[in-house]
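Trainee: I am attaching a structure below and will ask some questions about it afterwards.
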Amino acid sequence: MDLDDLVKVRARYDAEMREGAQPDAPQARVERAGAVVRQSVPGLGWNGVLWSDLDEGTADAEIAAQVAFFADRGCPEFEWKLYDHDRPADLADRLRAAGFVPEPTETLMVGRVAELAQLPVEPPEGITLRTVTDEAGVDLMMDVHTGAFGTERPRIRESVLGMLRSEPENIAVVLAMAGDTPVSAARMEIRPGTAFAGLWGGGTIPQWRGRGIYRLLVAHRARLAAERGIEYLQVDASDDSRPILERLGFGVLGITVPYVWSQD
C-alpha cells in the first residue's frame with residue numbers, strides 16, 4: 001500500500017475499531033463518555049480508553065475524569081491506548097504527569113487479506129496445525145505463551161474462553177504442533193461489520209524459532225479471513241514481529257503505546 005492508501009486505511013481503522021469499538025468480551029461494556037470511547041469489564045477483562053478527541057484545553061480534565069471513573073469501579077489498573085497521531089501532540093506527557101506508565105512501544109500494521117491469503121507458505125517439517133475449540137486447547141495455548149513470552153496471562157485465557165463459548169464464530173485459535181507438543185500459538189479476533197480482523201499471539205517457543213512457523217500462522221489466518229470476506233488483517237507488532245510482517249506485505253499505520261494507570 002502506498003502512503004495515500006495507508007492514510008485512508010488508518011482513518012477507517014480509527015472509525016471502525018476505535019471510535020466505533022465493540023466489546024471484546026461477553027461482559028464488557030463499550031461506551032462513549034464525553035470525548036473518549038472506553039471499555040469497562042468486571043473480573044480479568046481489559047479496561048481502558050480506546051479513542052479520544054482532545055485538545056490542549058480539554059485533555060487534562062478528561063484524563064482526570066477517566067482516572068476517577070475506573071478508580072470508582074475498583075479497577076486495579078486500566079490502559080490508555082495511545083496512538084502517535086492522537087491529539088494533542090503532548091498527550092503522552094500529560095498521561096505521564098497523571099501517573100500513567102508507558103509499556104513497550106508497538107507498531108500498528110495492516111495487510112490486505114486478498115494478498116496475504118495467497119502466501120506460498122507450507123508447514124515446516126514435523127509441524128501440523130490444530131484448531132482450538134475447548135478449554136484443554138486454550139490451556140495448551142497458554143502453555144505456549146508462557147514458554148514464548150515468559151509471563152502468565154490469565155486475562156487472555158479468560159477472554160479467549162469467553163469468546164469460544166459465547167461467540168465462536170468471531171475467534172479462530174490455532175496451535176502449531178510438533179507431534180503432541182504445542183510449539184506456537186496464535187489467534188484471530190473478528191469484529192462483525194468491520195473491515196478488520198486482529199491477529200494476536202503468534203508466540204513460538206525459543207527452540208522452534210526461525211523455521212517459518214510465524215509466517216505459517218499468519219498465512220493460515222489470512223486464508224480464514226478471506227473465507228469470511230474480511231478486507232484487512234491488523235497487528236500490534238512487537239519489534240521482533242515487525243520486520244517479518246513487512247516482508248509479508250504489511251504496511252505501517254503508526255506507532256501505539258499502552259499507557260497504564262495503576263492504583264498501587
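Residues in the C-alpha cells are numbered from 1 in each chain, the chains being A, B, ... in the order shown, and ligands are numbered from 1 in the order shown.
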Run DSSP on the backbone and grab whatever in stretch 41-158 of chain A lands in alpha helix (DSSP H); send it over as a PyMOL selection string.

Mentor: chain A and resi 59-72+91-97+113-116+135-149+154-158

Trainee: Output the selection as a compact mmCIF listing (two decimals), in the first residue's frame - C-alpha atoms for each residue.

Mentor:
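Below you can see selection-v4.txt, which holds the result:
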# COMPACT_ATOMS: atom_id res chain seq x y z
CA ALA A 59 -7.06 16.83 27.77
CA ASP A 60 -6.12 17.15 31.45
CA ALA A 61 -9.71 17.26 32.67
CA GLU A 62 -10.65 14.25 30.53
CA ILE A 63 -7.67 12.25 31.77
CA ALA A 64 -8.68 13.03 35.36
CA ALA A 65 -12.28 12.03 34.62
CA GLN A 66 -11.20 8.63 33.30
CA VAL A 67 -8.92 8.02 36.28
CA ALA A 68 -11.83 8.81 38.59
CA PHE A 69 -14.21 6.57 36.64
CA PHE A 70 -12.03 3.48 36.73
CA ALA A 71 -10.89 4.10 40.30
CA ASP A 72 -14.53 4.36 41.43
CA LEU A 91 -0.91 13.77 25.22
CA ALA A 92 1.79 11.26 26.20
CA ASP A 93 3.41 13.83 28.51
CA ARG A 94 0.04 14.64 30.06
CA LEU A 95 -0.65 10.95 30.71
CA ARG A 96 2.72 10.50 32.39
CA ALA A 97 2.06 13.58 34.53
CA VAL A 113 -6.31 -10.22 3.18
CA ALA A 114 -6.65 -10.93 -0.54
CA GLU A 115 -2.87 -10.73 -0.91
CA LEU A 116 -1.88 -12.41 2.34
CA GLU A 135 -10.64 -25.35 27.43
CA ALA A 136 -7.97 -28.02 27.04
CA GLY A 137 -6.81 -26.39 23.81
CA VAL A 138 -6.79 -22.95 25.44
CA ASP A 139 -4.59 -24.31 28.21
CA LEU A 140 -2.14 -25.57 25.59
CA MET A 141 -2.19 -22.12 24.02
CA MET A 142 -1.38 -20.58 27.39
CA ASP A 143 1.48 -23.04 27.92
CA VAL A 144 2.97 -21.86 24.62
CA HIS A 145 2.55 -18.19 25.58
CA THR A 146 4.31 -18.80 28.88
CA GLY A 147 7.20 -20.51 27.10
CA ALA A 148 7.38 -17.89 24.36
CA PHE A 149 6.89 -14.69 26.35
CA PRO A 154 -4.72 -15.14 32.88
CA ARG A 155 -6.67 -12.28 31.33
CA ILE A 156 -6.02 -13.67 27.84
CA ARG A 157 -7.13 -17.15 28.93
CA GLU A 158 -10.38 -15.76 30.32

Trainee: Skip stretch 167-177 of chain A itself and residues of its chain fewer than 3 positions away, then list as a PyMOL selection string all residues within 10 Å of it, counting only C-alpha atoms.

Mentor: chain A and resi 25-26+123-124+126-133+137-138+140-141+144+160-164+180-192+197-202+204+213-214+216-217+220-221+224-225+228

Trainee: Run DSSP on the backbone and tell me which residues of stretch 82-248 of chain A come out as strand (DSSP E or B); list them as a PyMOL selection string.

Mentor: chain A and resi 82-83+101-102+106-112+127-132+171-178+181-190+196-204+232-237

Trainee: Return the single residue from A:Gly249, A:Pro243, A:Gly150, A:Gly229 that is closest to A:Gly203, with distances computed using only C-alpha atoms.

Mentor: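 Looking at the shortest contact to A:Gly203, the residue is A:Gly150.
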
Trainee: So which one's closest to A:Gly20, A:Arg32, A:Arg165, A:Arg112, A:Arg223? Using only C-alpha atoms, please.

Mentor: A:Arg32

Trainee: Please provide the set of residues having any atom within 9 Å of A:Met17, restricted to only C-alpha atoms, with same-chain residues fewer than 6 positions apart removed, written as a list in words.

Mentor: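 The residues that qualify are Leu50, Arg191, Thr194 and Phe196 of chain A.
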
Trainee: May I ask for the distance between atom CA of A:Trp80 and atom CA of A:Gln234, given in Å to one decimal place?

Mentor: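 So the two atoms, atom CA of A:Trp80 and atom CA of A:Gln234, lie 18.9 Å apart.
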
Trainee: Could you state the separation of atom CA of A:Leu108 and atom CA of A:Leu253 in Å, given to one decimal place?

Mentor: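 If I compute the distance from atom CA of A:Leu108 to atom CA of A:Leu253, I get 5.4 Å.
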
Trainee: Could you tell me how far atom CA of A:Glu227 lies from atom CA of A:Ser166, in Å and to one decimal?

Mentor: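 Separating atom CA of A:Glu227 from atom CA of A:Ser166 is a distance of 21.1 Å.
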
Trainee: Can you pull out the residues contacting stretch 38-47 of chain A? Cut-off 6 Å, using only C-alpha atoms, and skip same-chain residues under 4 positions away; I want them as a list in words.

Mentor: Ala28, Arg29, Val30, Glu31, Phe78 and Arg155 of chain A

Trainee: How about saving the chosen residues, N, CA and C atoms kept, as a tab-separated table (two decimals), in the first residue's frame?

Mentor:
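To be explicit, this is the file written out as part-v6.tsv:
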chain	number	residue	atom	x	y	z
A	28	ALA	N	-18.18	-7.29	28.76
A	28	ALA	CA	-17.59	-5.96	28.58
A	28	ALA	C	-18.63	-4.96	28.09
A	29	ARG	N	-18.40	-3.71	28.46
A	29	ARG	CA	-19.26	-2.61	28.01
A	29	ARG	C	-18.40	-1.53	27.38
A	30	VAL	N	-18.73	-1.15	26.15
A	30	VAL	CA	-18.05	-0.05	25.47
A	30	VAL	C	-19.02	1.12	25.41
A	31	GLU	N	-18.54	2.30	25.78
A	31	GLU	CA	-19.41	3.48	25.78
A	31	GLU	C	-18.60	4.72	25.41
A	78	PHE	N	-5.95	0.39	34.57
A	78	PHE	CA	-6.58	0.48	33.25
A	78	PHE	C	-5.56	1.07	32.28
A	155	ARG	N	-5.62	-13.07	31.98
A	155	ARG	CA	-6.67	-12.28	31.33
A	155	ARG	C	-6.93	-12.78	29.91

Trainee: Please identify all polymer residues within 10 Å of A:His85, counting only C-alpha atoms, omitting same-chain residues fewer than 3 positions from it, and present them as an MDAnalysis selection string.

Mentor: chainID A and resid 10 82 88:89 253:256

Trainee: Next, write the just-selected residues to a file, as a PDB file, in the first residue's frame, keeping N, CA, C and O atoms as the atom set.

Mentor:
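Saved as again25.pdb:
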ATOM      1  N   ARG A  10      -5.945   3.967   7.789  1.00  0.00           N
ATOM      2  CA  ARG A  10      -5.841   4.385   9.188  1.00  0.00           C
ATOM      3  C   ARG A  10      -7.103   5.108   9.638  1.00  0.00           C
ATOM      4  O   ARG A  10      -7.600   4.889  10.758  1.00  0.00           O
ATOM      5  N   LEU A  82      -2.692   4.751  23.412  1.00  0.00           N
ATOM      6  CA  LEU A  82      -2.309   5.984  22.724  1.00  0.00           C
ATOM      7  C   LEU A  82      -1.662   5.685  21.378  1.00  0.00           C
ATOM      8  O   LEU A  82      -0.806   4.791  21.269  1.00  0.00           O
ATOM      9  N   PRO A  88      -4.048  16.030  21.898  1.00  0.00           N
ATOM     10  CA  PRO A  88      -2.996  16.947  21.471  1.00  0.00           C
ATOM     11  C   PRO A  88      -1.642  16.255  21.332  1.00  0.00           C
ATOM     12  O   PRO A  88      -1.460  15.122  21.785  1.00  0.00           O
ATOM     13  N   ALA A  89      -0.696  16.945  20.725  1.00  0.00           N
ATOM     14  CA  ALA A  89       0.604  16.339  20.438  1.00  0.00           C
ATOM     15  C   ALA A  89       1.350  15.940  21.696  1.00  0.00           C
ATOM     16  O   ALA A  89       2.178  15.023  21.661  1.00  0.00           O
ATOM     17  N   LEU A 253       0.735   1.677   9.863  1.00  0.00           N
ATOM     18  CA  LEU A 253      -0.236   2.760  10.056  1.00  0.00           C
ATOM     19  C   LEU A 253       0.234   3.760  11.103  1.00  0.00           C
ATOM     20  O   LEU A 253      -0.234   4.897  11.127  1.00  0.00           O
ATOM     21  N   GLY A 254       1.102   3.331  12.003  1.00  0.00           N
ATOM     22  CA  GLY A 254       1.561   4.234  13.045  1.00  0.00           C
ATOM     23  C   GLY A 254       2.147   3.474  14.213  1.00  0.00           C
ATOM     24  O   GLY A 254       2.322   2.252  14.163  1.00  0.00           O
ATOM     25  N   ILE A 255       2.441   4.212  15.266  1.00  0.00           N
ATOM     26  CA  ILE A 255       3.013   3.662  16.486  1.00  0.00           C
ATOM     27  C   ILE A 255       1.978   3.778  17.600  1.00  0.00           C
ATOM     28  O   ILE A 255       1.277   4.784  17.712  1.00  0.00           O
ATOM     29  N   THR A 256       1.888   2.752  18.431  1.00  0.00           N
ATOM     30  CA  THR A 256       0.966   2.774  19.556  1.00  0.00           C
ATOM     31  C   THR A 256       1.700   2.378  20.832  1.00  0.00           C
ATOM     32  O   THR A 256       2.564   1.502  20.803  1.00  0.00           O
TER      33      THR A 256
END

Trainee: Between A:Asp53, A:Asp84, A:Glu122, A:Asp24, single out the one closest to A:Ala219, counting only C-alpha atoms.

Mentor: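 Closest candidate: A:Glu122.
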